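S.K.: Contents are compact mmCIF, C-alpha atoms and all ligand atoms; file name data-v2.txt:
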# COMPACT_ATOMS: atom_id res chain seq x y z
CA MET C 1 0.00 0.00 0.00
CA SER C 2 1.57 3.25 -1.06
CA ASN C 3 -0.80 5.87 0.28
CA ILE C 4 -3.19 5.24 3.13
CA LYS C 5 -6.91 5.44 2.44
CA ARG C 6 -9.49 5.16 5.18
CA CYS C 7 -12.99 3.71 5.11
CA SER C 8 -15.46 6.59 5.08
CA GLY C 9 -17.95 4.54 7.13
CA CYS C 10 -15.91 3.45 10.16
CA GLY C 11 -12.46 5.03 9.77
CA VAL C 12 -10.40 1.83 9.44
CA ILE C 13 -7.40 1.83 7.05
CA LEU C 14 -8.46 0.10 3.82
CA GLN C 15 -6.39 -2.83 2.52
CA ASP C 16 -6.95 -5.38 -0.24
CA GLU C 17 -4.49 -8.03 0.88
CA ASN C 18 -5.98 -9.99 3.78
CA VAL C 19 -9.67 -10.87 3.90
CA LEU C 20 -9.36 -11.85 7.54
CA GLN C 21 -7.98 -8.56 8.71
CA GLU C 22 -9.88 -5.37 9.44
CA GLY C 23 -10.15 -2.84 6.64
CA TYR C 24 -10.40 -5.44 3.86
CA THR C 25 -11.97 -4.40 0.59
CA THR C 26 -11.90 -6.17 -2.75
CA ASN C 27 -10.80 -3.00 -4.47
CA LEU C 28 -8.98 0.02 -3.09
CA GLU C 29 -11.10 2.23 -5.33
CA ASN C 30 -13.98 1.54 -2.93
CA ASP C 31 -14.75 4.12 -0.25
CA ILE C 32 -15.84 1.68 2.43
CA CYS C 33 -14.51 -1.59 3.82
CA GLN C 34 -16.26 -4.92 3.29
CA ARG C 35 -17.47 -5.01 6.91
CA CYS C 36 -19.24 -1.63 6.51
CA PHE C 37 -20.59 -2.69 3.12
CA ARG C 38 -22.13 -5.79 4.69
CA MET C 39 -23.52 -3.89 7.67
CA LYS C 40 -25.11 -1.26 5.45
CA ASN C 41 -26.52 -3.61 2.83
CA TYR C 42 -27.29 -6.84 4.64
CA GLY C 43 -27.28 -5.93 8.33
CA GLU C 44 -24.48 -8.50 8.78
CA TYR C 45 -21.96 -7.86 11.45
CA GLN C 46 -18.48 -8.97 12.30
CA VAL C 47 -17.11 -8.38 15.77
CA VAL C 48 -13.99 -6.30 16.10
CA THR C 49 -12.65 -5.57 19.53
CA LYS C 50 -10.31 -2.80 20.46
CA LYS C 51 -8.07 -2.82 23.45
CA TYR C 52 -8.82 -0.44 26.28
CA ASP C 53 -5.44 1.24 25.75
CA GLU C 54 -6.39 2.10 22.18
CA TYR C 55 -9.42 4.08 23.36
CA ILE C 56 -7.39 5.81 26.01
CA SER C 57 -4.83 6.91 23.46
CA ILE C 58 -7.62 8.32 21.26
CA PHE C 59 -8.96 10.23 24.28
CA LYS C 60 -5.49 11.51 25.16
CA GLU C 61 -4.99 12.80 21.62
CA ILE C 62 -8.28 14.71 21.90
CA GLY C 63 -7.14 16.00 25.28
CA LYS C 64 -4.06 17.52 23.67
CA THR C 65 -6.25 19.75 21.50
CA LYS C 66 -8.26 22.68 22.80
CA ASP C 67 -11.25 21.64 20.69
CA LEU C 68 -14.83 21.39 21.89
CA VAL C 69 -16.02 17.86 22.70
CA LEU C 70 -19.57 16.51 22.48
CA TYR C 71 -19.95 13.75 25.01
CA ILE C 72 -22.90 11.60 23.93
CA THR C 73 -24.74 9.32 26.30
CA ASP C 74 -27.87 7.21 26.02
CA LEU C 75 -30.66 8.19 28.41
CA LEU C 76 -31.62 4.59 29.05
CA ASN C 77 -28.00 3.80 29.83
CA LEU C 78 -26.80 6.96 31.44
CA ASP C 79 -23.15 6.47 32.42
CA LYS C 80 -22.63 5.80 36.08
CA ASP C 81 -19.76 8.21 36.17
CA LEU C 82 -20.17 11.11 33.76
CA GLU C 83 -16.76 12.49 34.62
CA SER C 84 -14.48 9.51 34.08
CA LEU C 85 -13.43 10.88 30.68
CA ARG C 86 -12.25 14.09 32.28
CA GLU C 87 -9.03 12.45 33.33
CA TYR C 88 -8.02 12.29 29.67
CA ILE C 89 -10.17 15.00 28.11
CA PRO C 90 -10.09 18.29 30.03
CA ASN C 91 -11.54 20.15 27.01
CA LYS C 92 -14.67 22.25 26.94
CA MET C 93 -17.48 19.71 26.79
CA ILE C 94 -21.21 19.59 25.97
CA LEU C 95 -23.18 16.66 27.40
CA VAL C 96 -25.69 15.30 24.88
CA LEU C 97 -28.38 12.98 26.28
CA ASN C 98 -29.60 10.97 23.28
CA LYS C 99 -32.52 8.60 22.66
CA LYS C 100 -35.15 10.74 24.36
CA ASP C 101 -37.68 8.89 22.19
CA ALA C 102 -36.99 5.65 24.10
CA LEU C 103 -38.23 7.15 27.36
CA PRO C 104 -41.95 7.65 27.97
CA LYS C 105 -43.22 10.97 26.61
CA SER C 106 -44.31 11.98 30.10
CA VAL C 107 -40.66 12.33 31.11
CA LYS C 108 -39.87 16.00 30.66
CA LYS C 109 -36.64 17.31 29.20
CA ARG C 110 -36.38 19.89 31.96
CA LYS C 111 -36.42 17.17 34.65
CA LEU C 112 -33.63 15.26 32.96
CA ILE C 113 -31.49 18.36 32.70
CA GLU C 114 -32.13 19.23 36.35
CA TYR C 115 -31.12 15.71 37.36
CA ILE C 116 -27.74 16.20 35.71
CA LYS C 117 -27.30 19.79 36.84
CA ASN C 118 -27.82 18.76 40.46
CA LYS C 119 -24.64 16.73 40.14
CA ASN C 120 -22.66 19.93 39.57
CA LEU C 121 -20.61 18.57 36.73
CA ASN C 122 -18.49 20.72 34.53
CA PHE C 123 -20.31 20.90 31.18
CA GLU C 124 -20.77 23.97 29.00
CA ASP C 125 -24.28 22.79 28.25
CA VAL C 126 -26.53 19.76 28.82
CA ILE C 127 -28.78 18.96 25.86
CA VAL C 128 -31.51 16.33 25.50
CA VAL C 129 -31.95 15.07 21.92
CA SER C 130 -33.39 12.26 19.90
CA VAL C 131 -31.48 11.55 16.73
CA ASN C 132 -34.18 9.17 15.52
CA LYS C 133 -36.94 11.74 15.98
CA ASN C 134 -34.79 14.66 14.87
CA TYR C 135 -35.54 16.30 18.21
CA ASN C 136 -33.69 19.38 19.50
CA LEU C 137 -30.83 19.22 17.00
CA ASP C 138 -31.25 22.88 16.00
CA TYR C 139 -30.49 23.79 19.58
CA LEU C 140 -27.49 21.46 19.63
CA ILE C 141 -26.05 23.14 16.52
CA LYS C 142 -26.57 26.55 18.11
CA SER C 143 -24.80 25.50 21.26
CA ILE C 144 -21.91 24.03 19.26
CA LYS C 145 -21.53 27.36 17.45
CA GLN C 146 -21.47 29.22 20.75
CA ASN C 147 -18.95 26.95 22.39
CA GLN C 148 -16.60 25.76 19.65
CA THR C 149 -13.00 26.90 19.97
CA SER C 150 -11.94 25.95 16.44
CA LYS C 151 -13.46 24.35 13.37
CA ASN C 152 -12.99 20.88 14.84
CA VAL C 153 -15.49 19.36 17.26
CA TYR C 154 -15.00 15.80 18.59
CA VAL C 155 -17.87 13.40 19.22
CA VAL C 156 -17.13 10.87 21.99
CA GLY C 157 -19.04 8.43 24.20
CA ASN C 158 -19.58 4.74 24.86
CA THR C 159 -20.34 2.37 22.04
CA ASN C 160 -23.94 2.35 20.77
CA VAL C 161 -25.01 5.69 22.20
CA GLY C 162 -25.63 6.98 18.66
CA LYS C 163 -22.55 9.08 17.82
CA SER C 164 -22.41 8.10 14.16
CA SER C 165 -26.21 8.32 13.87
CA LEU C 166 -26.07 11.85 15.29
CA ILE C 167 -23.40 12.96 12.83
CA ASN C 168 -25.29 11.40 9.91
CA ARG C 169 -28.38 13.32 10.98
CA LEU C 170 -26.43 16.57 11.27
CA ILE C 171 -25.00 15.98 7.77
CA LYS C 172 -28.54 15.49 6.42
CA ASN C 173 -29.94 18.53 8.21
CA TYR C 174 -27.14 21.04 7.90
CA SER C 175 -24.67 20.02 5.21
CA GLU C 176 -24.19 19.64 1.48
CA ASN C 177 -21.76 16.80 2.18
CA ASN C 178 -23.05 13.32 1.30
CA GLN C 179 -20.68 11.13 3.29
CA GLU C 180 -22.43 8.50 5.40
CA LEU C 181 -21.04 6.88 8.53
CA THR C 182 -21.80 3.26 9.36
CA MET C 183 -24.27 2.73 12.21
CA SER C 184 -25.47 -0.50 13.79
CA PRO C 185 -27.28 -1.74 16.88
CA LEU C 186 -24.23 -3.82 17.80
CA PRO C 187 -21.21 -2.69 19.79
CA ALA C 188 -17.96 -1.38 18.25
CA THR C 189 -19.19 -0.17 14.87
CA THR C 190 -16.86 2.77 14.36
CA LEU C 191 -13.21 1.68 14.37
CA ASN C 192 -11.26 4.89 14.06
CA ASN C 193 -11.64 8.65 14.02
CA VAL C 194 -13.53 9.90 10.96
CA LYS C 195 -13.58 13.60 10.02
CA ILE C 196 -16.74 14.99 8.46
CA GLU C 197 -16.89 18.53 7.19
CA ILE C 198 -20.37 19.90 7.88
CA ASN C 199 -19.61 23.38 6.53
CA ASN C 200 -16.75 25.89 6.34
CA HIS C 201 -16.96 26.53 10.05
CA LEU C 202 -17.58 23.06 11.43
CA THR C 203 -15.86 19.69 11.09
CA LEU C 204 -17.17 16.88 13.29
CA ILE C 205 -14.84 14.05 14.24
CA ASP C 206 -16.53 10.71 14.93
CA THR C 207 -14.65 8.40 17.29
CA PRO C 208 -14.95 4.70 18.22
CA GLY C 209 -17.08 4.22 21.32
CA LEU C 210 -15.69 2.59 24.41
CA VAL C 211 -17.09 -0.92 24.82
CA GLU C 212 -18.02 -1.07 28.48
CA PRO C 213 -17.04 -4.46 29.88
CA GLY C 214 -20.01 -4.34 32.28
CA SER C 215 -22.66 -3.95 29.57
CA ILE C 216 -25.03 -6.87 29.02
CA LEU C 217 -24.74 -6.26 25.24
CA ASN C 218 -21.34 -7.97 25.30
CA TYR C 219 -22.75 -11.21 26.65
CA VAL C 220 -25.81 -11.92 24.50
CA ASP C 221 -26.15 -12.90 20.84
CA PRO C 222 -26.82 -10.29 18.12
CA LYS C 223 -30.52 -11.20 18.00
CA MET C 224 -30.88 -10.43 21.67
CA VAL C 225 -28.87 -7.20 21.26
CA LYS C 226 -31.53 -6.02 18.82
CA LYS C 227 -34.31 -7.02 21.22
CA ILE C 228 -32.67 -5.19 24.11
CA SER C 229 -32.09 -1.94 22.17
CA PRO C 230 -35.38 -0.02 22.16
CA ASN C 231 -36.36 1.67 18.93
CA LYS C 232 -39.75 2.76 20.25
CA GLU C 233 -41.03 4.59 23.29
CA ILE C 234 -40.73 2.29 26.27
CA LYS C 235 -43.99 1.37 27.95
CA PRO C 236 -42.88 1.03 31.54
CA LYS C 237 -44.47 -1.82 33.47
CA THR C 238 -45.29 -1.41 37.13
CA TYR C 239 -45.56 -4.35 39.53
CA GLN C 240 -46.79 -4.10 43.09
CA LEU C 241 -44.63 -6.63 44.87
CA LYS C 242 -44.70 -8.11 48.34
CA LYS C 243 -41.68 -9.76 49.80
CA ASN C 244 -40.88 -13.24 48.46
CA GLN C 245 -42.11 -12.25 45.02
CA SER C 246 -39.93 -11.89 41.93
CA ILE C 247 -39.57 -10.34 38.51
CA VAL C 248 -37.73 -12.15 35.72
CA ILE C 249 -36.79 -10.27 32.55
CA ASP C 250 -36.48 -12.49 29.48
CA ASP C 251 -34.12 -15.07 31.02
CA LEU C 252 -31.55 -12.34 31.48
CA VAL C 253 -32.08 -11.14 35.01
CA ARG C 254 -34.02 -12.21 38.06
CA ILE C 255 -34.92 -9.85 40.90
CA ASP C 256 -36.15 -11.33 44.18
CA TYR C 257 -37.80 -8.97 46.61
CA ILE C 258 -36.56 -10.38 49.88
CA GLU C 259 -37.34 -7.76 52.48
CA GLY C 260 -39.64 -4.74 52.73
CA GLU C 261 -43.26 -3.62 52.76
CA LYS C 262 -45.57 -3.87 49.76
CA ASN C 263 -43.67 -1.88 47.13
CA SER C 264 -43.87 -0.63 43.58
CA PHE C 265 -41.31 -1.73 40.96
CA THR C 266 -41.45 -0.04 37.54
CA VAL C 267 -39.41 -1.69 34.81
CA TYR C 268 -37.93 0.50 32.04
CA VAL C 269 -36.63 -1.88 29.38
CA SER C 270 -37.33 -2.48 25.68
CA ASN C 271 -40.96 -3.47 25.01
CA ASP C 272 -39.71 -6.54 23.14
CA LEU C 273 -38.47 -8.17 26.33
CA LYS C 274 -40.82 -10.50 28.18
CA ILE C 275 -41.30 -9.87 31.87
CA LYS C 276 -42.56 -12.57 34.22
CA ARG C 277 -43.66 -12.08 37.78
CA TYR C 278 -43.66 -14.82 40.42
CA LEU C 279 -46.08 -14.56 43.30
CA ASN C 280 -44.06 -16.98 45.32
CA SER C 281 -40.39 -16.94 44.36
CA SER C 282 -39.34 -19.80 46.58
CA ASN C 283 -41.12 -22.26 44.25
CA LYS C 284 -39.15 -21.11 41.22
CA GLU C 285 -35.51 -21.77 40.53
CA ASP C 286 -34.95 -20.02 37.16
CA LEU C 287 -31.74 -18.08 36.78
CA LYS C 288 -30.67 -18.84 40.33
CA ASP C 289 -27.44 -20.31 38.95
CA LEU C 290 -26.39 -16.81 37.87
CA ASN C 291 -24.29 -14.52 39.99
CA LYS C 292 -26.22 -13.06 42.94
CA THR C 293 -25.81 -9.56 44.38
CA THR C 294 -27.88 -8.25 47.28
CA TYR C 295 -28.87 -4.58 47.35
CA ASP C 296 -30.33 -2.49 50.14
CA ILE C 297 -32.25 0.01 48.08
CA LYS C 298 -33.12 3.34 49.65
CA TYR C 299 -36.33 5.29 49.24
CA GLY C 300 -36.62 6.66 45.67
CA GLU C 301 -33.84 4.80 43.93
CA ASP C 302 -33.35 2.97 40.63
CA LEU C 303 -31.66 -0.35 40.18
CA VAL C 304 -29.67 -0.01 36.95
CA ILE C 305 -28.71 -2.99 34.81
CA ASN C 306 -25.92 -1.91 32.50
CA GLY C 307 -27.03 -2.09 28.86
CA LEU C 308 -30.56 -3.27 29.64
CA GLY C 309 -32.33 -0.42 31.43
CA PHE C 310 -33.47 0.27 34.97
CA ILE C 311 -36.09 -0.46 37.59
CA LYS C 312 -37.54 2.36 39.63
CA ILE C 313 -38.36 1.21 43.15
CA VAL C 314 -40.50 3.51 45.25
CA ASP C 315 -39.86 2.43 48.85
CA LYS C 316 -36.80 1.02 50.51
CA ALA C 317 -36.23 -2.62 49.69
CA LYS C 318 -33.78 -5.46 49.98
CA VAL C 319 -33.44 -7.35 46.71
CA ASP C 320 -31.35 -10.19 45.33
CA VAL C 321 -30.32 -9.65 41.72
CA TYR C 322 -29.27 -12.68 39.65
CA ILE C 323 -27.42 -11.89 36.43
CA ASP C 324 -24.41 -12.92 34.32
CA LYS C 325 -21.32 -12.30 36.46
CA ASN C 326 -19.80 -9.93 33.89
CA VAL C 327 -22.74 -7.53 33.84
CA SER C 328 -22.59 -4.57 36.19
CA THR C 329 -25.55 -3.40 38.23
CA PHE C 330 -25.80 -0.41 40.54
CA THR C 331 -28.27 1.85 42.32
CA ARG C 332 -28.77 5.58 41.88
CA LYS C 333 -31.23 8.30 42.81
CA SER C 334 -34.34 7.80 40.62
CA LEU C 335 -33.91 9.37 37.19
CA ILE C 336 -37.65 9.72 36.63
N1 LIG N 401 -34.19 4.78 19.99
C1 LIG N 401 -33.15 5.44 19.47
N2 LIG N 401 -32.11 4.75 18.95
C2 LIG N 401 -31.07 5.46 18.43
C3 LIG N 401 -31.04 6.89 18.43
N3 LIG N 401 -29.86 7.26 17.88
C4 LIG N 401 -29.20 6.13 17.55
N4 LIG N 401 -29.92 5.03 17.87
C5 LIG N 401 -29.58 3.61 17.64
O1 LIG N 401 -28.44 3.26 18.42
C6 LIG N 401 -27.67 2.25 17.75
C7 LIG N 401 -26.21 2.64 17.70
O2 LIG N 401 -26.02 3.72 16.81
P1 LIG N 401 -24.57 4.15 16.25
O3 LIG N 401 -24.75 5.48 15.62
O4 LIG N 401 -23.97 3.05 15.44
O5 LIG N 401 -23.78 4.29 17.64
P2 LIG N 401 -22.26 4.75 17.89
O6 LIG N 401 -22.27 5.55 19.14
O7 LIG N 401 -21.70 5.38 16.68
O8 LIG N 401 -21.57 3.32 18.18
P3 LIG N 401 -20.00 2.90 17.98
O9 LIG N 401 -19.59 3.29 16.60
O10 LIG N 401 -20.01 1.42 18.20
O11 LIG N 401 -19.24 3.63 19.04
C8 LIG N 401 -28.31 2.08 16.37
O12 LIG N 401 -29.14 0.95 16.41
C9 LIG N 401 -29.12 3.35 16.21
O13 LIG N 401 -30.24 3.18 15.36
C10 LIG N 401 -32.17 7.59 18.97
O14 LIG N 401 -32.26 8.83 19.00
N5 LIG N 401 -33.17 6.82 19.48
MG MG N 402 -20.15 4.84 15.51
Would you mind writing the file's structure down as structure tokens?
Ligand SMILES: Nc1nc2c(ncn2[C@@H]2O[C@H](COP(=O)(O)OP(=O)(O)OP(=O)(O)O)[C@@H](O)[C@H]2O)c(=O)[nH]1
Ligand SMILES: [Mg+2]

M.R.:
Amino acid sequence: MSNIKRCSGCGVILQDENVLQEGYTTNLENDICQRCFRMKNYGEYQVVTKKYDEYISIFKEIGKTKDLVLYITDLLNLDKDLESLREYIPNKMILVLNKKDALPKSVKKRKLIEYIKNKNLNFEDVIVVSVNKNYNLDYLIKSIKQNQTSKNVYVVGNTNVGKSSLINRLIKNYSENNQELTMSPLPATTLNNVKIEINNHLTLIDTPGLVEPGSILNYVDPKMVKKISPNKEIKPKTYQLKKNQSIVIDDLVRIDYIEGEKNSFTVYVSNDLKIKRYLNSSNKEDLKDLNKTTYDIKYGEDLVINGLGFIKIVDKAKVDVYIDKNVSTFTRKSLI
């Protein structure tokens, strides 16, 4: 290969020598790699994993610039720690809360913003959007204009939060450019930084999303990944539970209510997942072979299951959660 050409869909370096290696294309005249071609045209997917160090070095490179950074997160999977990136990226940063459409309409934008602002984090702006519904992107563009420090603006965030989808939408809405980034419901779609010129004053730089080791998406098959990722407004389901009753979500997670008064559990997960409720958990053994964690949940907290969604529990409760040992769970003050 004499001069390096990158795939315009995912940023990988194109090569025509080894079918088994990333960046393969049958012909270097092509603009995208075979993996992107297959994702775009057939919805096929091939797993590529990056090492943690590779992400960190991408973040550090961004940190060396003074450019504005858009930090994208998914409202259903709000990062536990919204400041972990700060260690590497001290830049001016706008927090973009995407996938508003997945939450019930009754959840107000203002409430979500207040929730974040109460944490006193250091963001220039906090913006709720839905890329799919084209919601609030005019405001995002305005805020970018106000806060950008140069032409370049980086787009970072965990895998699957919708970074490439957002940029594609901004291209459609605000640019003459016709480049199209590859998007997919599966983790690790974008493989390298990709620069996209929106106009003479703005170039967005798409980056590969960090694959969180604690996300359930890493431990289920692609069919289940699609089921777990909501593409419609979630219809939350509320269960009034007494102790010794349980909720089981699609053979993925079991929650036993082991101590507390009659209590209300509202499940916010994709509508495609089946939820079962057991009136007497001691008779049922399903999923009890999975890893168990016991939580003492305080009044007004959510139990979050990384990658899947969350359960809002009204009163204090002691629960046993059974789930794959690699998947992280935690509690937080109720989002909704
Ligand atoms: N419901 C909903 N889904 C969205 C929205 N935006 C993106 N998605 C979906 O989220 C999934 C991931 O989108 P991508 O744009 O590939 O995500 P990414 O952040 O670029 O992911 P990586 O390249 O792996 O880091 C796709 O299935 C998108 O359709 C949104 O506003 N609402
Ligand atoms: Mg991407």

S.K.: State, in Å with one decimal place, the distance from atom CA of Asn91 of chain C to atom CA of Lys5 of chain C.

M.R.: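 So the two atoms, atom CA of Asn91 of chain C and atom CA of Lys5 of chain C, lie 29.0 Å apart.
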
S.K.: How many Å separate atom CA of Pro185 of chain C from atom CA of Ile72 of chain C?

M.R.: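 Distance between the two atoms: 15.7 Å.
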
S.K.: Between C:Val19, C:Leu112, C:Val153, C:Val107, which has the minimum distance to Asp206 of chain C (counting all atoms listed in the file)?

M.R.: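 Under the stated criterion, the closest residue is C:Val153.
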
S.K.: Quick one: residues within 8 Å of ligand MG 402 (chain N), with all atoms listed in the file, as a ChimeraX atom specification?

M.R.: /C:10,159-160,162-165,181-184,188-191,206-209

S.K.: Which residue is closest to Lys227 of chain C? Choose from C:Leu140, C:Ile336, C:Leu308, C:Leu78 and count all atoms listed in the file.

M.R.: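 Among the listed residues, C:Leu308 lies closest to Lys227 of chain C.
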